[in-house]
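Visitor: Supplied in structure tokens, the structure appears directly below.
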There are 6 protein chains.
Amino acid sequence: VKATVIRKSRFNAAHRLYVKSWSEEENNKVFGLCNNPNFHGHNYHLEVSVTGEIDPVTGYVIDLKIVKDLIQSEVIEPFDHRNLNLDTKEFENLIPTAENIAMVIYNKLRAKMEERFDISVKLFETERNIVVFPATTM
Amino acid sequence: VKATVIRKSRFNAAHRLYVKSWSEEENNKVFGLCNNPNFHGHNYHLEVSVTGEIDPVTGYVIDLKIVKDLIQSEVIEPFDHRNLNLDTKEFENLIPTAENIAMVIYNKLRAKMEERFDISVKLFETERNIVVFPATTM
Amino acid sequence: VKATVIRKSRFNAAHRLYVKSWSEEENNKVFGLCNNPNFHGHNYHLEVSVTGEIDPVTGYVIDLKIVKDLIQSEVIEPFDHRNLNLDTKEFENLIPTAENIAMVIYNKLRAKMEERFDISVKLFETERNIVVFPATTM
Amino acid sequence: VKATVIRKSRFNAAHRLYVKSWSEEENNKVFGLCNNPNFHGHNYHLEVSVTGEIDPVTGYVIDLKIVKDLIQSEVIEPFDHRNLNLDTKEFENLIPTAENIAMVIYNKLRAKMEERFDISVKLFETERNIVVFPATTM
Amino acid sequence: VKATVIRKSRFNAAHRLYVKSWSEEENNKVFGLCNNPNFHGHNYHLEVSVTGEIDPVTGYVIDLKIVKDLIQSEVIEPFDHRNLNLDTKEFENLIPTAENIAMVIYNKLRAKMEERFDISVKLFETERNIVVFPATTM
Amino acid sequence: VKATVIRKSRFNAAHRLYVKSWSEEENNKVFGLCNNPNFHGHNYHLEVSVTGEIDPVTGYVIDLKIVKDLIQSEVIEPFDHRNLNLDTKEFENLIPTAENIAMVIYNKLRAKMEERFDISVKLFETERNIVVFPATTM
């Protein structure tokens, strides 16, 4: 029998949204205040879901400590209290929109999780702006 | 690659639940306190999800400002600080249950969004009573 | 030794803000959308605090069930799923602003609580608009 | 037309995670602090979703009072303020992990709900550890 | 210039409310379900406030890491995933009501904090039942 | 009769904590990750409380729209989507700790509010780190 377990976590980071090849005018039109050249920042809230069989002996889909430690090494350590544009290799050539941050986190965790698990990432940039990757119905 | 973006919003409205063709007794039996003829009200919390391809240049599924503006014109302006039964044409002949409000909001937004996007609506009538339209697994 | 215990509760009601002796124009200027003649509504969240000695035997300031029952009879029953302007005697001649609702709830509870307790009321009209009665520092 | 309605509820319980046939050492390795022989406890938050056709007359998928009453009799009464390991027959021979608690609640509610409804259970053991049963994407 | 800084934390514990010298009947009358002899439990949420001068050089009242570490050693380590009645010396002869737990935490932290700081403790036993120690207005 | 009204708001900003006259080593020792030279950021949540007489005619302490507009011009416009260290004159020579940000916001609002009102500011840097200015008991 399968179930889905979810672990919540958080990190705080600075970022700036702009396309390097665009003019300042184009960037301001599309990204507005998010294009502030001196950066702004967020408290990102992260939910990682892991779907798999419930182990009949332990009653666990997965020990959430494994998920917690993986989030720590793959997400919190490289991103927390960082400037996503300047301090990370992941966003050196990728705009750190919430969509792309969620995709990057998904790909990093997917590479480290056993294949028998399905995973999904939900990222809150603010209380009101949220992304789910991969795509889902609500 | 597809992702789902979610925008949260809120509106405050009065409503009353009753079937015009039913007796007062029948209405009280089915709708209880919600059938108070002088109305009661809620702070409705709304989440609109939009699923589509992540634009490889901007890193956006959709500029959430477009979603925010659409919620403003289609939901907040007609419903906020209104009496859903008396002040709106949408519920002139439709009971404003949370289910029907969610369906009406979905249909209004669906008509205005480009077809390449899938959308979904989650409506919180209270902290404890919630509707998702169209139907979903949790 | 004294401590303060707090009990949270909720009720949903419709209301309208207007001064009967003012013109429609004056009411609209001061109360805006809140003056909608067909009413609008809120999920009110209520916190009642009670300050008193910790009983050395039971370890209670007061059994919170007493507070819960008092909130039920004094606040929930008369106000929940009601129209504050039309269905309650308390707001027959008093504008149901959040300030006045908090004051009315305070006075009703104060009259029923033993004098050895200090009480205070915090009322959330929305997530963002809150009143504390009597006045407090934050 | 189908929609999904969700009802939130809560219960407080004590539990202990351990496999009876394992040594203390094995249990500590897998369950850590959760294996405390004197138990620890949680405020469990529960969301039950029910999917079905919106009744064209009442505008309801289901009267949420029915769901509320079912949660009361099937979940709150047997589990609230209980020790899941010692006070319930459901966990006499089943480890009360969040996964198993969610599965047990699902099975109890499934047995009582009409077949035309699909149901799903989301259980928050803490703010940060959550289970959905049956498995879902996020 | 003085400010107040607040640090939030959490712990999960089992407890039982009863007066050893009372009959079972008396305990049930006063404590109801909270007197379950096999214990129940809570996710306790804790807010510790520290009031003092803002240091003109660092801009800190106190480095919140000091507060966090103190909460860790004085509260989390002795109480988290414990049975308050059976596993702690603090509640060997003191009923672990929310009031008494808040008082105990206050006294433990007060003994370890420099005298120039005023401190205060807010403890959430559930979302709806809260204690502040020492007594406060809301 | 006096009451206190509270208005919540939010802004997102980047910042860095360091004392210009200190060595890098000293700054790292005191501010740790918060001293990242490329900045990090937060979703700041702000609560502004205003205490005054309830107007016997309008039932308002103050129209919260006045408070909302003042927060908009004094806080949101200068700070939202900004780098507090680089983009604001307020923190050109003042470390943008939560304590100092709260004090600066208090002073800006105090200068614009009528003297008959007492005001207070509560600033959430994260869910877990909070400041109240001026100092308060909890």
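If you're wondering about the labels, chains in the structure tokens are A, B, ... by order shown, residues count from 1 in each chain, ligands from 1 in order shown.
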Pull the strand (DSSP E) assignments for chain E out of DSSP run on the backbone, and list those residues as a VMD selection string.
Guide: chain E and resid 2 to 15 40 to 53 82 to 83 118 to 124 129 to 133
Visitor: Could you please select, counting only C-alpha atoms, the residues of chain D within 10 Å of chain A and state them as number ranges by chain?
Guide: D: 17-19, 21, 27, 30-31, 94-103, 122-124, 126-138
Visitor: Keeping N, CA and C atoms for every residue in the selection just given, could you write it to a file as a compact mmCIF listing (two decimals), in the first residue's frame?
Guide:
# COMPACT_ATOMS: atom_id res chain seq x y z
N LEU D 17 6.83 4.46 19.05
CA LEU D 17 7.14 3.67 17.86
C LEU D 17 8.16 2.61 18.20
N TYR D 18 7.78 1.34 18.06
CA TYR D 18 8.74 0.26 18.22
C TYR D 18 8.15 -1.03 17.66
N VAL D 19 9.05 -1.92 17.21
CA VAL D 19 8.65 -3.23 16.70
C VAL D 19 8.85 -4.23 17.84
N SER D 21 9.05 -7.34 18.08
CA SER D 21 9.96 -8.47 17.91
C SER D 21 11.43 -8.03 17.80
N ASN D 27 15.38 -1.07 17.83
CA ASN D 27 14.32 -0.07 17.87
C ASN D 27 14.88 1.34 18.02
N VAL D 30 16.31 2.58 14.66
CA VAL D 30 15.33 2.98 13.63
C VAL D 30 14.42 4.11 14.12
N PHE D 31 13.99 4.06 15.36
CA PHE D 31 12.97 5.01 15.80
C PHE D 31 13.48 6.11 16.74
N LEU D 94 -0.22 -2.90 15.37
CA LEU D 94 0.20 -2.09 14.22
C LEU D 94 0.93 -0.87 14.77
N ILE D 95 2.13 -0.60 14.28
CA ILE D 95 2.89 0.55 14.80
C ILE D 95 2.17 1.84 14.46
N PRO D 96 1.94 2.71 15.43
CA PRO D 96 1.20 3.95 15.13
C PRO D 96 2.09 5.04 14.52
N THR D 97 2.75 4.73 13.39
CA THR D 97 3.41 5.78 12.62
C THR D 97 2.33 6.65 11.98
N ALA D 98 2.72 7.83 11.55
CA ALA D 98 1.76 8.70 10.88
C ALA D 98 1.16 8.01 9.65
N GLU D 99 2.00 7.24 8.92
CA GLU D 99 1.50 6.51 7.74
C GLU D 99 0.38 5.55 8.14
N ASN D 100 0.64 4.75 9.19
CA ASN D 100 -0.37 3.76 9.59
C ASN D 100 -1.61 4.41 10.20
N ILE D 101 -1.43 5.49 10.94
CA ILE D 101 -2.60 6.19 11.49
C ILE D 101 -3.47 6.71 10.34
N ALA D 102 -2.83 7.30 9.33
CA ALA D 102 -3.59 7.82 8.18
C ALA D 102 -4.33 6.68 7.47
N MET D 103 -3.65 5.54 7.31
CA MET D 103 -4.27 4.39 6.63
C MET D 103 -5.45 3.86 7.44
N LYS D 122 -5.33 13.35 4.94
CA LYS D 122 -4.03 14.00 5.14
C LYS D 122 -3.86 14.20 6.64
N LEU D 123 -2.74 13.70 7.18
CA LEU D 123 -2.53 13.75 8.62
C LEU D 123 -1.24 14.49 8.93
N PHE D 124 -1.34 15.55 9.75
CA PHE D 124 -0.17 16.31 10.19
C PHE D 124 0.22 15.80 11.58
N THR D 126 3.21 16.69 12.98
CA THR D 126 3.67 17.99 13.45
C THR D 126 3.47 18.95 12.28
N GLU D 127 3.80 20.21 12.50
CA GLU D 127 3.76 21.19 11.42
C GLU D 127 4.59 20.75 10.22
N ARG D 128 5.63 19.98 10.48
CA ARG D 128 6.64 19.69 9.45
C ARG D 128 6.58 18.27 8.90
N ASN D 129 5.87 17.36 9.59
CA ASN D 129 5.80 15.97 9.15
C ASN D 129 4.35 15.61 8.83
N ILE D 130 4.10 15.24 7.58
CA ILE D 130 2.74 15.09 7.09
C ILE D 130 2.64 13.82 6.25
N VAL D 131 1.47 13.17 6.27
CA VAL D 131 1.24 11.99 5.45
C VAL D 131 -0.07 12.15 4.69
N VAL D 132 -0.08 11.69 3.44
CA VAL D 132 -1.32 11.63 2.66
C VAL D 132 -1.58 10.17 2.31
N PHE D 133 -2.82 9.71 2.55
CA PHE D 133 -3.20 8.35 2.22
C PHE D 133 -4.55 8.35 1.54
N PRO D 134 -4.76 7.68 0.39
CA PRO D 134 -3.74 6.97 -0.36
C PRO D 134 -2.72 7.94 -0.96
N ALA D 135 -1.65 7.37 -1.54
CA ALA D 135 -0.58 8.17 -2.13
C ALA D 135 -1.14 9.18 -3.11
N THR D 136 -0.47 10.30 -3.22
CA THR D 136 -0.90 11.37 -4.10
C THR D 136 0.33 12.03 -4.69
N THR D 137 0.16 12.80 -5.73
CA THR D 137 1.18 13.77 -6.04
C THR D 137 0.84 14.97 -5.18
N MET D 138 1.76 15.92 -5.05
CA MET D 138 1.55 16.97 -4.03
C MET D 138 0.33 17.84 -4.30
Visitor: What gap, in Å, lies between CA of Val104 in chain A and CA of His81 in chain A?
Guide: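 That distance, rounded to one decimal, is 17.4 Å.
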Visitor: In Å, how far is it from CA of Glu125 in chain D to CA of Asp80 in chain A?
Guide: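 The value is 25.6 Å.
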Visitor: DSSP on the backbone: which residues in chain D end up as alpha helix (DSSP H)? Give the answer as a ChimeraX atom specification.
Guide: /D:24-31,64-71,77-79,84-87,98-112
Visitor: Grab the residues selected above and save them as a compact mmCIF listing (two decimals), in the first residue's frame with N, CA, C and O atoms.
Guide:
# COMPACT_ATOMS: atom_id res chain seq x y z
N GLU D 24 15.82 -3.77 21.82
CA GLU D 24 15.82 -2.35 22.18
C GLU D 24 16.80 -1.58 21.29
O GLU D 24 16.52 -0.46 20.85
N GLU D 25 17.96 -2.21 21.04
CA GLU D 25 19.00 -1.56 20.23
C GLU D 25 18.50 -1.29 18.81
O GLU D 25 18.68 -0.19 18.27
N GLU D 26 17.87 -2.31 18.21
CA GLU D 26 17.34 -2.14 16.86
C GLU D 26 16.26 -1.05 16.83
O GLU D 26 16.22 -0.22 15.93
N ASN D 27 15.38 -1.07 17.83
CA ASN D 27 14.32 -0.07 17.87
C ASN D 27 14.88 1.34 18.02
O ASN D 27 14.42 2.27 17.35
N ASN D 28 15.89 1.49 18.86
CA ASN D 28 16.49 2.82 19.03
C ASN D 28 17.15 3.29 17.75
O ASN D 28 17.10 4.47 17.42
N LYS D 29 17.77 2.35 17.04
CA LYS D 29 18.46 2.73 15.81
C LYS D 29 17.46 3.26 14.77
O LYS D 29 17.71 4.26 14.11
N VAL D 30 16.31 2.58 14.66
CA VAL D 30 15.33 2.98 13.63
C VAL D 30 14.42 4.11 14.12
O VAL D 30 14.14 5.05 13.38
N PHE D 31 13.99 4.06 15.36
CA PHE D 31 12.97 5.01 15.80
C PHE D 31 13.48 6.11 16.74
O PHE D 31 12.75 7.05 17.05
N LEU D 64 -21.18 18.83 4.98
CA LEU D 64 -19.95 18.59 5.75
C LEU D 64 -20.24 18.19 7.19
O LEU D 64 -19.37 17.65 7.87
N LYS D 65 -21.47 18.43 7.64
CA LYS D 65 -21.82 17.98 8.99
C LYS D 65 -21.76 16.45 9.08
O LYS D 65 -21.40 15.89 10.12
N ILE D 66 -22.12 15.78 7.97
CA ILE D 66 -22.02 14.32 7.94
C ILE D 66 -20.57 13.89 8.09
O ILE D 66 -20.24 12.97 8.86
N VAL D 67 -19.68 14.57 7.39
CA VAL D 67 -18.25 14.26 7.47
C VAL D 67 -17.74 14.56 8.88
O VAL D 67 -17.00 13.76 9.47
N LYS D 68 -18.15 15.71 9.40
CA LYS D 68 -17.74 16.10 10.76
C LYS D 68 -18.18 15.07 11.79
O LYS D 68 -17.40 14.68 12.67
N ASP D 69 -19.42 14.61 11.69
CA ASP D 69 -19.95 13.64 12.66
C ASP D 69 -19.23 12.29 12.54
O ASP D 69 -18.98 11.61 13.53
N LEU D 70 -18.90 11.92 11.29
CA LEU D 70 -18.20 10.66 11.06
C LEU D 70 -16.78 10.73 11.64
O LEU D 70 -16.31 9.77 12.25
N ILE D 71 -16.10 11.86 11.42
CA ILE D 71 -14.77 12.04 12.01
C ILE D 71 -14.88 11.97 13.53
O ILE D 71 -14.05 11.36 14.21
N GLU D 77 -13.48 10.29 18.95
CA GLU D 77 -13.85 9.55 20.15
C GLU D 77 -12.87 8.42 20.49
O GLU D 77 -12.43 8.32 21.63
N PRO D 78 -12.48 7.59 19.52
CA PRO D 78 -11.53 6.52 19.91
C PRO D 78 -10.09 6.98 20.12
O PRO D 78 -9.35 6.34 20.87
N PHE D 79 -9.66 8.09 19.49
CA PHE D 79 -8.22 8.43 19.54
C PHE D 79 -7.88 9.65 20.40
O PHE D 79 -6.77 9.77 20.90
N LEU D 84 -2.32 5.76 21.85
CA LEU D 84 -2.67 4.93 20.68
C LEU D 84 -2.21 3.49 20.86
O LEU D 84 -2.91 2.56 20.46
N ASN D 85 -1.05 3.28 21.50
CA ASN D 85 -0.55 1.92 21.69
C ASN D 85 -1.37 1.13 22.71
O ASN D 85 -1.62 -0.06 22.53
N LEU D 86 -1.77 1.79 23.79
CA LEU D 86 -2.38 1.06 24.91
C LEU D 86 -3.91 1.12 24.93
O LEU D 86 -4.55 0.22 25.44
N ASP D 87 -4.48 2.20 24.40
CA ASP D 87 -5.92 2.42 24.58
C ASP D 87 -6.76 2.08 23.35
O ASP D 87 -7.98 2.26 23.38
N ALA D 98 2.72 7.83 11.55
CA ALA D 98 1.76 8.70 10.88
C ALA D 98 1.16 8.01 9.65
O ALA D 98 -0.04 8.14 9.37
N GLU D 99 2.00 7.24 8.92
CA GLU D 99 1.50 6.51 7.74
C GLU D 99 0.38 5.55 8.14
O GLU D 99 -0.68 5.50 7.50
N ASN D 100 0.64 4.75 9.19
CA ASN D 100 -0.37 3.76 9.59
C ASN D 100 -1.61 4.41 10.20
O ASN D 100 -2.73 3.93 9.99
N ILE D 101 -1.43 5.49 10.94
CA ILE D 101 -2.60 6.19 11.49
C ILE D 101 -3.47 6.71 10.34
O ILE D 101 -4.69 6.58 10.36
N ALA D 102 -2.83 7.30 9.33
CA ALA D 102 -3.59 7.82 8.18
C ALA D 102 -4.33 6.68 7.47
O ALA D 102 -5.50 6.82 7.09
N MET D 103 -3.65 5.54 7.31
CA MET D 103 -4.27 4.39 6.63
C MET D 103 -5.45 3.86 7.44
O MET D 103 -6.51 3.55 6.88
N VAL D 104 -5.28 3.76 8.74
CA VAL D 104 -6.36 3.28 9.61
C VAL D 104 -7.57 4.23 9.55
O VAL D 104 -8.72 3.78 9.42
N ILE D 105 -7.30 5.52 9.60
CA ILE D 105 -8.40 6.49 9.53
C ILE D 105 -9.10 6.39 8.17
O ILE D 105 -10.33 6.37 8.08
N TYR D 106 -8.30 6.28 7.10
CA TYR D 106 -8.90 6.11 5.77
C TYR D 106 -9.81 4.89 5.74
O TYR D 106 -10.95 4.96 5.27
N ASN D 107 -9.30 3.77 6.24
CA ASN D 107 -10.09 2.53 6.16
C ASN D 107 -11.37 2.62 6.98
O ASN D 107 -12.43 2.14 6.56
N LYS D 108 -11.29 3.25 8.15
CA LYS D 108 -12.48 3.40 8.98
C LYS D 108 -13.53 4.28 8.31
O LYS D 108 -14.72 3.97 8.32
N LEU D 109 -13.07 5.39 7.72
CA LEU D 109 -14.01 6.30 7.06
C LEU D 109 -14.55 5.69 5.77
O LEU D 109 -15.74 5.80 5.45
N ARG D 110 -13.65 5.03 5.02
CA ARG D 110 -14.06 4.39 3.75
C ARG D 110 -15.21 3.42 3.99
O ARG D 110 -16.16 3.35 3.18
N ALA D 111 -15.13 2.67 5.09
CA ALA D 111 -16.16 1.67 5.39
C ALA D 111 -17.52 2.31 5.70
O ALA D 111 -18.56 1.66 5.58
N LYS D 112 -17.51 3.57 6.10
CA LYS D 112 -18.75 4.23 6.51
C LYS D 112 -19.31 5.17 5.44
O LYS D 112 -20.45 5.63 5.57
